[in-house]
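Notes follow once the structure below has been shown.
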Amino acid sequence: MYTILHDRKLIEQFCRQNIYTHIYSIGDLDNFFWKHTIWYGYWQEGKLASVFLLYVETDLPVLLGLGEDVELLQRHLSAIKYLLPKRFYAHLTPNSYDILTQNYKTTFEGTHLKMGLVKGLPSQSTIATDKVKPIDFQHLAQINELFKESYPDSWFNDRMLETQQYYGIFDGKKLVSIGGIHSYSAQYKVAALGNFTTHPDYRRKGYGRSVLFKLCQNLLKTVDHIGLNVKAGNFAAIDLYQQLGFEIICPYDELLFEA
């Protein structure tokens with residue numbers, strides 16, 4: 001049986017059973033994101049067994065549905081499929097979404113990994129952060145220019161700058177490296193990183209490492225858990241994240257569904 005969930009404490013309790021798997025969802029419980037969310041719960045024997053989140057702030061809604069029990073996720077998707085929009089992006093556990101491919105044109109966007117900052121950051125003395133500066137709305141034109149040149153498919157929402165959790169490196173007035181968040185909550189003590197890129201002309205200088213380290217340092221003043229997503233084949237990025245204390249938590253697939 002499925003229900004629409006409105007109880008944030010109930011959702012949080014479920015998601016914290018696997019905090020890094022559901023770190024985006026926990027962050028979206030914050031008031032900053034909550035009004036843009038729809039939550040579907042699936043119940044077994046009177047207990048909440050699965051949670052799917054549909055995030056609807058962007059033009060392309062995003063469905064998040066992850067877990068270890070593939071058969072359970074399949075039953076959950078079967079129950080709610082008629083409630084889903086005609087076009088949406090999704091982060092789903094591998095092999096759990098065949099029921100959707102019967103009604104949607106499906107574009108597979110690759111297997112990705114969830115990673116969590118489990119080990120803690122290394123000593124600051126090993127990473128230079130003197131060039132890393134906070135970024136805010138006054139830099140919006142430079143941000144958009146960098147993403148246009150370096151990361152045109154980014155999921156950047158300038159509203160996220162309100163969190164004050166974006167950092168970058170400049171060459172003069174030109175922004176050449178950036179990193180920030182997709183989800184963040186000081187109340188729920190979690191952050192999910194995103195929007196990392198360095199201009200092609202400035203790569204292999206350690207800029208991405210410095211921005212990531214500085215951002216995590218600042219986040220750890222207000223959160224206890226930091227996670228991120230990375231494409232499974234991006235070995236350079238995975239290696240960097242592991243050097244900074246992140247560990248692989250689980251794989252998931254990203255897909256575009258269009259009716």
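Chain labels follow the order of the structure tokens: the first chain is A, the next B, and so on; residue numbering restarts at 1 in every chain, and ligands are counted from 1 in their shown order.
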
Using DSSP assignments from the backbone, pull out every residue in region 41-224 of chain A that falls under helix (DSSP H, G or I) and give it to me as a VMD selection string. chain A and resid 70 to 83 98 to 101 124 to 126 137 to 150 158 to 163 200 to 202 207 to 219

For region 146-154 of chain A, work out the shell of residues within 7 Å, counting only C-alpha atoms and skipping chain neighbours fewer than 6 positions away, then give it as an MDAnalysis selection string. chainID A and resid 175:176 195 197:200

Sort by chain and increasing residue number a table of all residues of region 124-230 of chain A within 12 Å of region 12-21 of chain A, each with its closest pair of atoms and their distance in Å to one decimal, counting only C-alpha atoms, and write it as a Markdown table.
| residue | atom | partner | partner_atom | distance |
| --- | --- | --- | --- | --- |
| A:Gln187 | CA | A:Glu12 | CA | 11.8 |
| A:Tyr188 | CA | A:Glu12 | CA | 8.7 |
| A:Lys189 | CA | A:Ile19 | CA | 10.9 |
| A:Val190 | CA | A:Ile19 | CA | 9.0 |
| A:Ala191 | CA | A:Tyr20 | CA | 9.8 |
| A:Ala192 | CA | A:Tyr20 | CA | 9.1 |
| A:Leu193 | CA | A:Tyr20 | CA | 11.8 |
| A:Asp224 | CA | A:Ile19 | CA | 10.8 |
| A:His225 | CA | A:Tyr20 | CA | 7.7 |
| A:Ile226 | CA | A:Tyr20 | CA | 7.7 |
| A:Gly227 | CA | A:Tyr20 | CA | 6.1 |
| A:Leu228 | CA | A:Tyr20 | CA | 8.6 |
| A:Asn229 | CA | A:Thr21 | CA | 10.0 |

Using C-alpha atoms, can you write the selected residues to a file as a compact mmCIF listing (two decimals), in the first residue's frame?
# COMPACT_ATOMS: atom_id res chain seq x y z
CA GLN A 187 18.72 21.90 10.66
CA TYR A 188 19.09 18.28 9.52
CA LYS A 189 22.91 18.44 9.54
CA VAL A 190 23.45 17.17 5.98
CA ALA A 191 24.83 18.43 2.67
CA ALA A 192 24.96 16.94 -0.83
CA LEU A 193 27.67 18.46 -3.02
CA ASP A 224 27.59 16.22 10.33
CA HIS A 225 27.28 14.31 7.05
CA ILE A 226 28.41 15.22 3.51
CA GLY A 227 27.67 13.19 0.38
CA LEU A 228 27.96 13.48 -3.37
CA ASN A 229 27.16 11.71 -6.64

Which residue, A:Lys173, A:Lys119, A:Lys105, A:Arg75, has the smallest gap to Arg87 (chain A) when you use only C-alpha atoms? A:Lys105

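The protein and nucleic acid residues lying at most 12 Å from Gly46 (chain A) are Met1, Tyr2, Thr3, Gly41, Tyr42, Trp43, Gln44, Leu48 and Ala49 of chain A, with only C-alpha atoms considered and sequence neighbours fewer than 2 positions away removed.
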
Interatomic distance between CA of Thr93 (chain A) and CA of Leu219 (chain A)? 27.7 Å

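Note that the spacing between CA of Asp158 (chain A) and CA of Tyr241 (chain A) amounts to 24.7 Å.
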
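When only C-alpha atoms are used to measure the gap to Asn234 (chain A), the shortest distance among A:Gln217, A:Thr126, A:Thr111, A:Ser210 belongs to A:Thr111.
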
Could you please determine the separation between CA of Gly194 (chain A) and CA of Ile181 (chain A) in Å, to one decimal place? 4.7 Å

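The closest residue to Leu215 (chain A), picked from A:Phe196, A:Tyr89, A:Tyr24, A:Phe235 and counting only C-alpha atoms, is A:Phe196.
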
Considering only strand (DSSP E) as DSSP defines it on the backbone, what residues of region 41-209 of chain A qualify? List them as a ChimeraX atom specification. /A:41-44,47-55,62-65,87-92,105-117,132-134,167-171,174-185,190-198

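If you measure from each of A:Val51, A:Phe213, A:Glu145, A:Phe257 to Ser123 (chain A) using only C-alpha atoms, the closest one turns out to be A:Phe213.
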
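Between Ile143 (chain A) and the residues A:Ile249, A:Leu240, A:Leu72, A:Ile178, the shortest atom-to-atom distance, using only C-alpha atoms, involves A:Ile178.
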
Do a neighbour search on Leu100 (chain A) at 12 Å with only C-alpha atoms, toss out local chain neighbours closer than 3 positions, and write the hits as a PDB file with C-alpha atoms, in the first residue's frame.
ATOM      1  CA  LEU A  73      11.186  -0.866  -5.034  1.00  0.00           C
ATOM      2  CA  GLN A  74       9.545  -2.524  -8.037  1.00  0.00           C
ATOM      3  CA  ARG A  75       6.272  -2.893  -6.133  1.00  0.00           C
ATOM      4  CA  HIS A  76       6.489   0.704  -4.980  1.00  0.00           C
ATOM      5  CA  LEU A  77       7.034   2.015  -8.513  1.00  0.00           C
ATOM      6  CA  SER A  78       4.191  -0.128  -9.820  1.00  0.00           C
ATOM      7  CA  ALA A  79       1.866   1.424  -7.247  1.00  0.00           C
ATOM      8  CA  ILE A  80       2.766   5.066  -7.979  1.00  0.00           C
ATOM      9  CA  LYS A  81       3.609   5.025 -11.685  1.00  0.00           C
ATOM     10  CA  TYR A  82       0.305   6.593 -12.702  1.00  0.00           C
ATOM     11  CA  LEU A  83       1.040   9.570 -10.403  1.00  0.00           C
ATOM     12  CA  LEU A  84       4.321  10.437 -12.077  1.00  0.00           C
ATOM     13  CA  PRO A  85       4.691  13.275 -14.606  1.00  0.00           C
ATOM     14  CA  LYS A  86       4.878  12.650 -18.347  1.00  0.00           C
ATOM     15  CA  ARG A  87       8.516  13.655 -18.393  1.00  0.00           C
ATOM     16  CA  PHE A  88      10.991  13.363 -15.532  1.00  0.00           C
ATOM     17  CA  ALA A  90      15.318   9.819 -12.089  1.00  0.00           C
ATOM     18  CA  LEU A  92      16.928   4.761  -9.228  1.00  0.00           C
ATOM     19  CA  ASN A  95      17.107  -3.276 -11.992  1.00  0.00           C
ATOM     20  CA  SER A  96      14.243  -1.656 -10.082  1.00  0.00           C
ATOM     21  CA  TYR A  97      12.550   0.346 -12.836  1.00  0.00           C
ATOM     22  CA  ASN A 103       5.050   3.262 -20.499  1.00  0.00           C
ATOM     23  CA  TYR A 104       7.941   5.647 -21.050  1.00  0.00           C
ATOM     24  CA  LYS A 105      10.620   6.207 -23.618  1.00  0.00           C
ATOM     25  CA  THR A 106      13.705   5.691 -21.486  1.00  0.00           C
ATOM     26  CA  THR A 107      17.117   7.269 -21.975  1.00  0.00           C
ATOM     27  CA  LEU A 255      17.559   7.979 -16.472  1.00  0.00           C
ATOM     28  CA  LEU A 256      15.266  10.280 -18.420  1.00  0.00           C
ATOM     29  CA  PHE A 257      11.660   9.101 -18.778  1.00  0.00           C
ATOM     30  CA  GLU A 258       9.345  10.587 -21.418  1.00  0.00           C
ATOM     31  CA  ALA A 259       5.782   9.406 -22.040  1.00  0.00           C
TER      32      ALA A 259
END

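By only C-alpha atoms, and with residues fewer than 5 positions from Met160 (chain A) along its chain excluded, the set lying at most 10 Å from it is Phe32, Asp136, Phe137, Gln165, Tyr166, Gly180, Ile181, His182, Ser183 and Tyr184 of chain A.
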
Between A:Arg159, A:Arg203, A:Arg8, A:Lys174, which has the minimum distance to His139 (chain A) (counting only C-alpha atoms)? A:Lys174

Applying 8 Å and only C-alpha atoms, which residues near Lys214 (chain A) remain after dropping the ones on its own chain fewer than 2 positions away? List them as a PyMOL selection string. chain A and resi 129+132+167+210-212+216-218

Please produce a file of those selected residues containing C-alpha atoms, as an mmCIF file, in the first residue's frame.
data_model
loop_
_atom_site.group_PDB
_atom_site.id
_atom_site.type_symbol
_atom_site.label_atom_id
_atom_site.label_comp_id
_atom_site.auth_asym_id
_atom_site.auth_seq_id
_atom_site.Cartn_x
_atom_site.Cartn_y
_atom_site.Cartn_z
ATOM 1 C CA THR A 129 43.077 27.015 -0.077
ATOM 2 C CA VAL A 132 39.540 29.844 -2.817
ATOM 3 C CA TYR A 167 33.238 28.563 -3.423
ATOM 4 C CA SER A 210 41.194 23.084 -3.221
ATOM 5 C CA VAL A 211 37.599 24.191 -3.834
ATOM 6 C CA LEU A 212 36.202 20.859 -2.637
ATOM 7 C CA CYS A 216 33.737 20.751 3.003
ATOM 8 C CA GLN A 217 35.612 22.640 5.713
ATOM 9 C CA ASN A 218 32.916 25.297 5.749
#
